[in-house]
file upload.csv (CSV, C-alpha atoms)
chain,number,residue,atom,x,y,z
A,1,MET,CA,95.6,136.4,76.8
A,2,PRO,CA,95.4,135.0,80.4
A,3,SER,CA,98.7,134.8,82.2
A,4,HIS,CA,100.2,131.8,84.2
A,5,SER,CA,98.8,133.3,87.4
A,6,ASP,CA,95.3,133.9,85.9
A,7,HIS,CA,95.2,130.2,84.9
A,8,ILE,CA,96.4,129.0,88.3
A,9,ALA,CA,93.7,131.2,90.0
A,10,GLN,CA,90.9,129.8,87.8
A,11,ALA,CA,92.2,126.2,88.3
A,12,ASN,CA,92.3,126.7,92.1
A,13,HIS,CA,88.8,128.2,91.9
A,14,ASN,CA,87.5,125.2,90.0
A,15,GLU,CA,89.3,122.8,92.3
A,16,ASP,CA,87.8,124.5,95.3
A,17,PHE,CA,84.3,123.9,93.8
A,18,GLY,CA,85.4,120.2,93.2
A,19,LEU,CA,86.3,120.0,96.9
A,20,PHE,CA,82.8,121.3,97.7
A,21,LEU,CA,81.1,118.8,95.3
A,22,LYS,CA,83.1,115.9,96.9
A,23,GLY,CA,80.9,116.5,100.0
A,24,ASN,CA,77.7,115.6,98.0
A,25,LEU,CA,78.2,112.9,95.4
A,26,LYS,CA,74.7,113.3,94.1
A,27,TYR,CA,76.5,115.7,91.7
A,28,LYS,CA,79.4,113.4,90.8
A,29,ASP,CA,78.9,114.1,87.1
A,30,TRP,CA,79.7,117.8,87.9
A,31,LEU,CA,82.6,116.8,90.1
A,32,ILE,CA,84.1,115.0,87.1
A,33,THR,CA,83.4,118.0,84.8
A,34,VAL,CA,84.8,120.5,87.2
A,35,CYS,CA,88.0,118.4,87.6
A,36,TYR,CA,88.4,118.5,83.8
A,37,TYR,CA,88.1,122.3,83.8
A,38,ALA,CA,90.6,122.6,86.6
A,39,SER,CA,93.1,120.4,84.8
A,40,LEU,CA,92.6,122.4,81.6
A,41,HIS,CA,93.7,125.6,83.4
A,42,TYR,CA,96.6,123.9,85.2
A,43,ILE,CA,97.8,122.7,81.7
A,44,GLU,CA,97.4,126.2,80.2
A,45,ALA,CA,99.4,127.6,83.2
A,46,ALA,CA,102.2,125.1,82.3
A,47,PHE,CA,101.9,126.2,78.6
A,48,ALA,CA,102.2,129.8,79.7
A,49,GLY,CA,105.7,129.0,80.9
A,50,ILE,CA,106.8,127.4,77.6
A,51,PRO,CA,107.9,130.2,75.3
A,52,HIS,CA,107.1,128.5,72.0
A,53,ILE,CA,103.6,127.7,73.2
A,54,GLN,CA,102.3,130.3,75.7
A,55,HIS,CA,98.7,129.3,75.1
A,56,SER,CA,97.1,126.4,73.1
A,57,THR,CA,95.0,128.7,71.0
A,58,LEU,CA,97.9,130.9,69.9
A,59,ASN,CA,99.9,128.7,67.6
A,60,ILE,CA,97.4,126.4,65.8
A,61,PRO,CA,99.0,125.8,62.4
A,62,LYS,CA,97.2,127.5,59.5
A,63,ASP,CA,96.2,126.2,56.1
A,64,PRO,CA,98.5,128.0,53.7
A,65,VAL,CA,95.7,128.4,51.1
A,66,THR,CA,92.7,129.4,53.2
A,67,GLY,CA,94.6,130.9,56.2
A,68,LYS,CA,92.2,129.1,58.5
A,69,ASP,CA,93.2,126.9,61.5
A,70,LYS,CA,94.1,123.3,60.4
A,71,TYR,CA,93.0,121.8,63.7
A,72,SER,CA,90.4,122.3,66.4
A,73,VAL,CA,91.6,123.8,69.7
A,74,HIS,CA,90.9,120.5,71.5
A,75,GLY,CA,92.9,118.5,68.9
A,76,TRP,CA,95.8,120.9,68.9
A,77,ARG,CA,95.9,121.1,72.7
A,78,ASN,CA,96.1,117.4,73.0
A,79,GLN,CA,98.9,117.3,70.5
A,80,LEU,CA,100.8,120.0,72.5
A,81,ILE,CA,100.3,118.1,75.8
A,82,LYS,CA,101.5,114.8,74.1
A,83,ASN,CA,104.6,116.5,72.7
A,84,ASN,CA,105.6,118.8,75.6
A,85,LEU,CA,104.3,117.6,79.0
A,86,PRO,CA,104.9,114.3,80.9
A,87,ARG,CA,103.2,111.2,79.7
A,88,GLN,CA,101.2,110.8,82.9
A,89,VAL,CA,99.8,114.3,82.4
A,90,PHE,CA,98.5,113.3,79.0
A,91,ILE,CA,96.9,110.1,80.3
A,92,CYS,CA,95.2,111.8,83.3
A,93,TYR,CA,94.1,114.8,81.2
A,94,ARG,CA,92.6,112.6,78.5
A,95,LYS,CA,90.7,110.5,81.1
A,96,LEU,CA,89.3,113.7,82.6
A,97,GLU,CA,88.4,115.1,79.2
A,98,SER,CA,86.8,111.8,78.0
A,99,ASN,CA,84.9,111.2,81.3
A,100,SER,CA,83.6,114.7,81.5
A,101,GLN,CA,82.3,114.4,77.9
A,102,THR,CA,80.7,111.1,78.8
A,103,ALA,CA,79.1,112.6,81.9
A,104,ARG,CA,77.6,115.4,79.8
A,105,TYR,CA,76.5,113.1,76.9
A,106,LEU,CA,74.9,110.6,79.2
A,107,ASP,CA,72.7,113.5,80.6
A,108,ILE,CA,71.4,114.3,77.2
A,109,ASN,CA,71.1,110.9,75.4
A,110,ARG,CA,70.4,108.7,78.4
A,111,SER,CA,69.5,105.1,78.5
A,112,GLY,CA,71.9,105.2,81.4
A,113,SER,CA,73.1,108.2,83.4
A,114,ALA,CA,76.4,109.5,84.6
A,115,THR,CA,75.4,108.7,88.1
A,116,SER,CA,75.1,105.0,87.3
A,117,TYR,CA,78.0,104.8,84.9
A,118,PHE,CA,80.5,106.2,87.4
A,119,THR,CA,80.7,104.9,90.9
A,120,ASP,CA,81.2,107.3,93.8
A,121,GLN,CA,84.8,106.1,94.0
A,122,ASP,CA,85.3,106.7,90.3
A,123,SER,CA,84.3,110.3,90.7
A,124,LEU,CA,86.4,110.8,93.8
A,125,ASN,CA,89.4,109.3,91.9
A,126,THR,CA,89.0,112.0,89.2
A,127,PHE,CA,89.7,114.6,92.0
A,128,ASP,CA,92.1,112.7,94.3
A,129,LYS,CA,94.1,110.8,91.6
A,130,ASP,CA,93.8,112.2,88.1
A,131,LEU,CA,93.7,115.9,89.0
A,132,GLN,CA,96.4,115.6,91.7
A,133,THR,CA,98.7,113.6,89.4
A,134,ILE,CA,98.5,116.4,86.8
A,135,LYS,CA,99.4,119.0,89.5
A,136,GLN,CA,102.3,116.9,90.9
A,137,GLU,CA,103.7,116.1,87.4
A,138,LEU,CA,103.5,119.8,86.5
A,139,LYS,CA,105.1,120.7,89.9
A,140,LEU,CA,102.2,123.0,90.8
A,141,PRO,CA,101.3,123.9,94.4
B,1,MET,CA,112.1,128.5,29.2
B,2,ASP,CA,110.9,127.3,25.7
B,3,PHE,CA,107.5,125.8,25.0
B,4,LEU,CA,108.5,122.1,25.3
B,5,SER,CA,110.4,122.8,28.6
B,6,THR,CA,107.3,124.6,30.0
B,7,ILE,CA,105.1,121.7,29.1
B,8,SER,CA,107.6,119.2,30.6
B,9,TYR,CA,107.9,121.3,33.8
B,10,ASN,CA,104.1,121.6,34.2
B,11,PHE,CA,103.8,117.9,33.6
B,12,TYR,CA,106.5,117.2,36.2
B,13,ILE,CA,104.7,119.5,38.8
B,14,LYS,CA,101.4,117.7,38.1
B,15,ILE,CA,102.9,114.3,38.6
B,16,LYS,CA,104.6,115.5,41.8
B,17,GLU,CA,101.3,116.9,43.1
B,18,ASN,CA,99.5,113.6,42.4
B,19,ALA,CA,102.3,111.6,44.0
B,20,MET,CA,102.1,113.8,47.1
B,21,ALA,CA,98.3,113.5,47.3
B,22,LEU,CA,98.7,109.7,46.9
B,23,THR,CA,101.3,109.7,49.7
B,24,THR,CA,99.0,111.7,52.0
B,25,GLN,CA,96.1,109.3,51.3
B,26,GLN,CA,98.3,106.3,51.8
B,27,LYS,CA,99.4,107.8,55.1
B,28,VAL,CA,95.8,108.3,56.2
B,29,ASN,CA,95.0,104.8,55.2
B,30,GLU,CA,98.0,103.5,57.1
B,31,TYR,CA,96.9,105.5,60.2
B,32,PHE,CA,93.4,104.1,60.1
B,33,GLY,CA,94.8,100.6,59.5
B,34,MET,CA,97.0,101.1,62.6
B,35,LEU,CA,93.9,102.1,64.6
B,36,VAL,CA,92.2,98.8,63.9
B,37,GLU,CA,95.4,96.9,64.6
B,38,LYS,CA,95.9,98.6,68.0
B,39,TYR,CA,92.2,98.5,69.3
B,40,LYS,CA,90.9,95.2,67.9
B,41,TYR,CA,92.5,93.3,70.7
B,42,PHE,CA,90.3,95.0,73.3
B,43,PRO,CA,87.1,92.8,73.6
B,44,GLU,CA,85.3,95.9,74.9
B,45,VAL,CA,85.8,97.7,71.6
B,46,LYS,CA,82.6,97.1,69.6
B,47,ALA,CA,83.1,99.5,66.7
B,48,ILE,CA,85.5,102.2,65.4
B,49,TYR,CA,84.2,105.1,63.3
B,50,ILE,CA,86.4,107.7,61.6
B,51,ASP,CA,85.7,111.1,60.4
B,52,GLU,CA,87.8,114.1,59.4
B,53,TYR,CA,87.4,117.7,60.6
B,54,LEU,CA,89.7,120.3,59.0
B,55,ASP,CA,93.0,118.4,58.9
B,56,GLU,CA,92.2,116.5,62.0
B,57,LYS,CA,91.1,112.9,62.4
B,58,ASN,CA,88.2,112.2,64.6
B,59,ILE,CA,88.0,108.7,66.0
B,60,THR,CA,84.9,107.5,67.8
B,61,ILE,CA,85.3,104.1,69.6
B,62,LEU,CA,82.1,102.4,70.8
B,63,LEU,CA,82.6,100.3,73.9
B,64,SER,CA,80.5,97.5,75.2
B,65,ILE,CA,80.8,98.6,78.8
B,66,LYS,CA,77.9,99.9,80.9
B,67,GLN,CA,80.1,100.7,84.0
B,68,TYR,CA,83.2,102.8,84.0
B,69,ASP,CA,86.5,100.9,84.0
B,70,ASP,CA,89.5,103.1,84.9
B,71,LYS,CA,92.2,100.5,83.9
B,72,LEU,CA,90.5,100.0,80.5
B,73,MET,CA,90.4,103.8,79.9
B,74,GLU,CA,94.1,104.1,80.7
B,75,ALA,CA,94.9,101.2,78.4
B,76,LEU,CA,92.9,102.8,75.6
B,77,ILE,CA,94.6,106.2,76.0
B,78,GLN,CA,98.0,104.5,76.0
B,79,LYS,CA,97.2,103.2,72.5
B,80,GLU,CA,96.7,106.9,71.5
B,81,LEU,CA,100.3,107.5,72.6
B,82,ASP,CA,101.5,104.3,70.8
B,83,ILE,CA,99.9,105.4,67.5
B,84,SER,CA,101.2,108.9,67.9
B,85,LYS,CA,104.7,107.6,68.2
B,86,ILE,CA,104.3,106.0,64.8
B,87,PHE,CA,102.4,109.0,63.3
B,88,PRO,CA,103.7,112.0,65.2
B,89,ASP,CA,102.4,114.6,62.7
B,90,VAL,CA,98.8,113.3,62.7
B,91,VAL,CA,96.5,115.4,64.9
B,92,ALA,CA,93.6,113.2,66.1
B,93,THR,CA,90.8,113.4,68.7
B,94,TYR,CA,89.5,110.2,70.3
B,95,ASN,CA,86.1,109.7,71.8
B,96,TYR,CA,85.2,106.6,73.8
B,97,ILE,CA,81.5,106.0,74.0
B,98,PRO,CA,80.0,103.5,76.6
B,99,ASP,CA,77.1,101.3,75.7
B,100,LEU,CA,74.6,103.5,77.4
B,101,ILE,CA,73.7,106.1,74.8
B,102,ASP,CA,70.6,105.6,72.7
B,103,ASN,CA,71.1,108.3,70.1
B,104,LYS,CA,74.6,107.4,68.8
B,105,GLU,CA,74.0,109.1,65.5
B,106,SER,CA,74.2,112.5,67.3
B,107,ILE,CA,77.7,111.6,68.4
B,108,ILE,CA,79.1,109.7,65.5
B,109,GLY,CA,78.2,112.2,62.7
B,110,GLU,CA,76.6,111.6,59.3
B,111,LYS,CA,79.9,111.5,57.4
B,112,ALA,CA,81.7,109.1,59.7
B,113,LYS,CA,82.9,105.8,58.2
B,114,LEU,CA,82.8,102.5,60.1
B,115,ILE,CA,86.3,100.8,59.9
B,116,PHE,CA,85.9,98.1,62.5
B,117,GLU,CA,82.9,96.2,64.0
B,118,ARG,CA,82.5,93.0,65.9
call {"tool": "encode", "arguments": {"input": "upload.csv", "output": "structure tokens"}}
result
Amino acid sequence: MPSHSDHIAQANHNEDFGLFLKGNLKYKDWLITVCYYASLHYIEAAFAGIPHIQHSTLNIPKDPVTGKDKYSVHGWRNQLIKNNLPRQVFICYRKLESNSQTARYLDINRSGSATSYFTDQDSLNTFDKDLQTIKQELKLP
Amino acid sequence: MDFLSTISYNFYIKIKENAMALTTQQKVNEYFGMLVEKYKYFPEVKAIYIDEYLDEKNITILLSIKQYDDKLMEALIQKELDISKIFPDVVATYNYIPDLIDNKESIIGEKAKLIFER
């Protein structure tokens, strides 16, 4: 299981790539996506410091009959964020999650594209506003 | 335990199980009713589909927008929190789909039910 520092290292790596993509907004769909993946690792780093969570995949409740997970990892992670992290983290994380999904779906099923749906400023805000808010709220460097 | 007591006990268990199943279904219905109540006031919400995966509720909300609106997205996500305060034990995933996707069936899923449309 990755440690707190593993998640921080991967989040920083993703964020660095986001910084690179900010220099060429032709790839703003990827900027949005990479911000989501950075936020995911910042959040898992925060979970690593909460003893009863440690990692979102570790404690998904099981069905008592089948022994299988009751919820998807995405669903359970959102529940953990909602119940254990600041409200603003949930809002910004859900925006990043939703927008990255939209960016990817629009590339597959397009009658529009991510590059027309999101303005340049929208994509910059995912990095400068949403991702940075998550880091500040989680008190991460 | 004698024969009659055993029958009575089994009958009691059956009634209790049925009552619990009904309660669970009522709770699910109340949850979906609350969804419509919270989201119908957004003029941008065109339709709401619901689906269930494992014990999780999947909610797909079709929007009429063709351009991203950050304030709208924040307001929609705030409703997730509002609903979660009323139903803290319900695990749900929400998807917001702009009016730019041709092949909506690939996102909504075959078993999804429409619970709101305008």
call {"tool": "residues_around", "arguments": {"input": "upload.csv", "residues": "region 57-66 of chain A", "least_positions_apart": "2", "cutoff": "12 Å", "atoms": "all atoms listed in the file", "output": "PyMOL selection string"}}
result
(chain A and resi 1-2+44+47-48+51-55+68-80) or (chain B and resi 54-56+89+91)
call {"tool": "write_last_selection", "arguments": {"input": "upload.csv", "atoms": "C-alpha atoms", "output": "CSV table (one decimal), in the frame of the given file"}}
result
chain,number,residue,atom,x,y,z
A,1,MET,CA,95.6,136.4,76.8
A,2,PRO,CA,95.4,135.0,80.4
A,44,GLU,CA,97.4,126.2,80.2
A,47,PHE,CA,101.9,126.2,78.6
A,48,ALA,CA,102.2,129.8,79.7
A,51,PRO,CA,107.9,130.2,75.3
A,52,HIS,CA,107.1,128.5,72.0
A,53,ILE,CA,103.6,127.7,73.2
A,54,GLN,CA,102.3,130.3,75.7
A,55,HIS,CA,98.7,129.3,75.1
A,68,LYS,CA,92.2,129.1,58.5
A,69,ASP,CA,93.2,126.9,61.5
A,70,LYS,CA,94.1,123.3,60.4
A,71,TYR,CA,93.0,121.8,63.7
A,72,SER,CA,90.4,122.3,66.4
A,73,VAL,CA,91.6,123.8,69.7
A,74,HIS,CA,90.9,120.5,71.5
A,75,GLY,CA,92.9,118.5,68.9
A,76,TRP,CA,95.8,120.9,68.9
A,77,ARG,CA,95.9,121.1,72.7
A,78,ASN,CA,96.1,117.4,73.0
A,79,GLN,CA,98.9,117.3,70.5
A,80,LEU,CA,100.8,120.0,72.5
B,54,LEU,CA,89.7,120.3,59.0
B,55,ASP,CA,93.0,118.4,58.9
B,56,GLU,CA,92.2,116.5,62.0
B,89,ASP,CA,102.4,114.6,62.7
B,91,VAL,CA,96.5,115.4,64.9
call {"tool": "residues_around", "arguments": {"input": "upload.csv", "residues": "Glu110 (chain B)", "least_positions_apart": "5", "cutoff": "12 Å", "atoms": "all atoms listed in the file", "output": "MDAnalysis selection string"}}
result
chainID B and resid 49:52 104:105
call {"tool": "interface_residues", "arguments": {"input": "upload.csv", "of": "chain A", "to": "chain B", "cutoff": "10 Å", "atoms": "only C-alpha atoms", "output": "PyMOL selection string"}}
result
chain A and resi 63+68-72+74-80+82-83+87-88+90-92+94-95+97-99+101-102+105-114+116-119+122+125-126
call {"tool": "atom_distance", "arguments": {"input": "upload.csv", "atom1": "CA of Thr33 (chain A)", "atom2": "CA of Lys71 (chain B)"}}
result
19.6 Å
call {"tool": "closest_residue", "arguments": {"input": "upload.csv", "among": "A:Phe127, A:Gly49, A:Ile134, A:Gln121", "to": "Phe17 (chain A)", "atoms": "all atoms listed in the file"}}
result
A:Phe127
call {"tool": "atom_distance", "arguments": {"input": "upload.csv", "atom1": "CA of Ala103 (chain A)", "atom2": "CA of His7 (chain A)"}}
result
24.0 Å
call {"tool": "residues_around", "arguments": {"input": "upload.csv", "residues": "Lys79 (chain B)", "least_positions_apart": "4", "cutoff": "8 Å", "atoms": "all atoms listed in the file", "output": "list in words"}}
result
Lys38, Tyr39, Ala75 and Ile83 of chain B
call {"tool": "residues_near_point", "arguments": {"input": "upload.csv", "point": "(80.8, 102.8, 68.4)", "cutoff": "7 Å", "atoms": "only C-alpha atoms", "output": "ChimeraX atom specification"}}
result
/B:46-49,60-63,97
call {"tool": "decode", "arguments": {"input": "upload.csv", "residues": "region 43-115 of chain A", "atoms": "C-alpha atoms", "output": "PDB file, in the first residue's frame"}}
result
ATOM      1  CA  ILE A  43      -6.472  13.113  -0.929  1.00  0.00           C
ATOM      2  CA  GLU A  44      -5.034   9.617  -0.544  1.00  0.00           C
ATOM      3  CA  ALA A  45      -2.048  11.229   1.223  1.00  0.00           C
ATOM      4  CA  ALA A  46      -4.495  12.839   3.654  1.00  0.00           C
ATOM      5  CA  PHE A  47      -6.248   9.497   4.164  1.00  0.00           C
ATOM      6  CA  ALA A  48      -2.877   7.867   4.921  1.00  0.00           C
ATOM      7  CA  GLY A  49      -2.714  10.096   8.007  1.00  0.00           C
ATOM      8  CA  ILE A  50      -6.166   9.070   9.258  1.00  0.00           C
ATOM      9  CA  PRO A  51      -5.743   5.767  11.155  1.00  0.00           C
ATOM     10  CA  HIS A  52      -9.259   4.419  10.558  1.00  0.00           C
ATOM     11  CA  ILE A  53      -8.979   5.025   6.790  1.00  0.00           C
ATOM     12  CA  GLN A  54      -5.299   4.779   5.653  1.00  0.00           C
ATOM     13  CA  HIS A  55      -6.382   4.199   2.042  1.00  0.00           C
ATOM     14  CA  SER A  56      -9.758   4.416   0.307  1.00  0.00           C
ATOM     15  CA  THR A  57      -9.492   0.882  -1.073  1.00  0.00           C
ATOM     16  CA  LEU A  58      -8.722  -0.716   2.310  1.00  0.00           C
ATOM     17  CA  ASN A  59     -12.017  -0.427   4.146  1.00  0.00           C
ATOM     18  CA  ILE A  60     -14.817  -0.703   1.610  1.00  0.00           C
ATOM     19  CA  PRO A  61     -17.686  -2.373   3.512  1.00  0.00           C
ATOM     20  CA  LYS A  62     -18.355  -5.975   2.478  1.00  0.00           C
ATOM     21  CA  ASP A  63     -21.651  -7.669   1.786  1.00  0.00           C
ATOM     22  CA  PRO A  64     -22.093 -10.109   4.725  1.00  0.00           C
ATOM     23  CA  VAL A  65     -23.494 -12.840   2.432  1.00  0.00           C
ATOM     24  CA  THR A  66     -21.251 -12.671  -0.639  1.00  0.00           C
ATOM     25  CA  GLY A  67     -18.183 -11.148   1.027  1.00  0.00           C
ATOM     26  CA  LYS A  68     -17.825  -8.800  -1.945  1.00  0.00           C
ATOM     27  CA  ASP A  69     -17.396  -5.021  -1.792  1.00  0.00           C
ATOM     28  CA  LYS A  70     -20.692  -3.188  -1.344  1.00  0.00           C
ATOM     29  CA  TYR A  71     -19.532  -0.072  -3.150  1.00  0.00           C
ATOM     30  CA  SER A  72     -17.233   0.957  -5.999  1.00  0.00           C
ATOM     31  CA  VAL A  73     -13.883   2.516  -5.075  1.00  0.00           C
ATOM     32  CA  HIS A  74     -15.032   5.851  -6.549  1.00  0.00           C
ATOM     33  CA  GLY A  75     -18.288   5.810  -4.605  1.00  0.00           C
ATOM     34  CA  TRP A  76     -16.642   4.843  -1.316  1.00  0.00           C
ATOM     35  CA  ARG A  77     -13.815   7.371  -1.760  1.00  0.00           C
ATOM     36  CA  ASN A  78     -16.356  10.153  -2.258  1.00  0.00           C
ATOM     37  CA  GLN A  79     -18.168   9.015   0.886  1.00  0.00           C
ATOM     38  CA  LEU A  80     -14.895   9.121   2.865  1.00  0.00           C
ATOM     39  CA  ILE A  81     -14.029  12.588   1.554  1.00  0.00           C
ATOM     40  CA  LYS A  82     -17.519  13.833   2.421  1.00  0.00           C
ATOM     41  CA  ASN A  83     -17.368  12.456   5.955  1.00  0.00           C
ATOM     42  CA  ASN A  84     -13.719  13.102   6.876  1.00  0.00           C
ATOM     43  CA  LEU A  85     -12.280  16.054   4.943  1.00  0.00           C
ATOM     44  CA  PRO A  86     -13.253  19.747   4.721  1.00  0.00           C
ATOM     45  CA  ARG A  87     -16.373  20.610   2.704  1.00  0.00           C
ATOM     46  CA  GLN A  88     -14.368  22.673   0.197  1.00  0.00           C
ATOM     47  CA  VAL A  89     -12.137  19.679  -0.530  1.00  0.00           C
ATOM     48  CA  PHE A  90     -15.206  17.643  -1.458  1.00  0.00           C
ATOM     49  CA  ILE A  91     -16.569  20.403  -3.716  1.00  0.00           C
ATOM     50  CA  CYS A  92     -13.259  20.988  -5.551  1.00  0.00           C
ATOM     51  CA  TYR A  93     -12.476  17.271  -5.827  1.00  0.00           C
ATOM     52  CA  ARG A  94     -15.924  16.485  -7.238  1.00  0.00           C
ATOM     53  CA  LYS A  95     -15.548  19.292  -9.777  1.00  0.00           C
ATOM     54  CA  LEU A  96     -12.199  17.884 -10.891  1.00  0.00           C
ATOM     55  CA  GLU A  97     -13.571  14.347 -11.022  1.00  0.00           C
ATOM     56  CA  SER A  98     -16.652  15.367 -12.988  1.00  0.00           C
ATOM     57  CA  ASN A  99     -14.785  17.691 -15.353  1.00  0.00           C
ATOM     58  CA  SER A 100     -12.099  15.127 -16.123  1.00  0.00           C
ATOM     59  CA  GLN A 101     -14.796  12.568 -16.925  1.00  0.00           C
ATOM     60  CA  THR A 102     -16.533  15.075 -19.178  1.00  0.00           C
ATOM     61  CA  ALA A 103     -13.246  15.886 -20.908  1.00  0.00           C
ATOM     62  CA  ARG A 104     -12.667  12.200 -21.610  1.00  0.00           C
ATOM     63  CA  TYR A 105     -16.272  11.394 -22.644  1.00  0.00           C
ATOM     64  CA  LEU A 106     -16.395  14.360 -24.980  1.00  0.00           C
ATOM     65  CA  ASP A 107     -13.364  12.980 -26.752  1.00  0.00           C
ATOM     66  CA  ILE A 108     -15.121   9.691 -27.410  1.00  0.00           C
ATOM     67  CA  ASN A 109     -18.745  10.691 -28.061  1.00  0.00           C
ATOM     68  CA  ARG A 110     -18.296  14.090 -29.497  1.00  0.00           C
ATOM     69  CA  SER A 111     -20.776  16.399 -31.015  1.00  0.00           C
ATOM     70  CA  GLY A 112     -18.740  18.936 -29.121  1.00  0.00           C
ATOM     71  CA  SER A 113     -15.253  18.608 -27.725  1.00  0.00           C
ATOM     72  CA  ALA A 114     -13.568  19.305 -24.419  1.00  0.00           C
ATOM     73  CA  THR A 115     -11.638  22.106 -26.036  1.00  0.00           C
TER      74      THR A 115
END
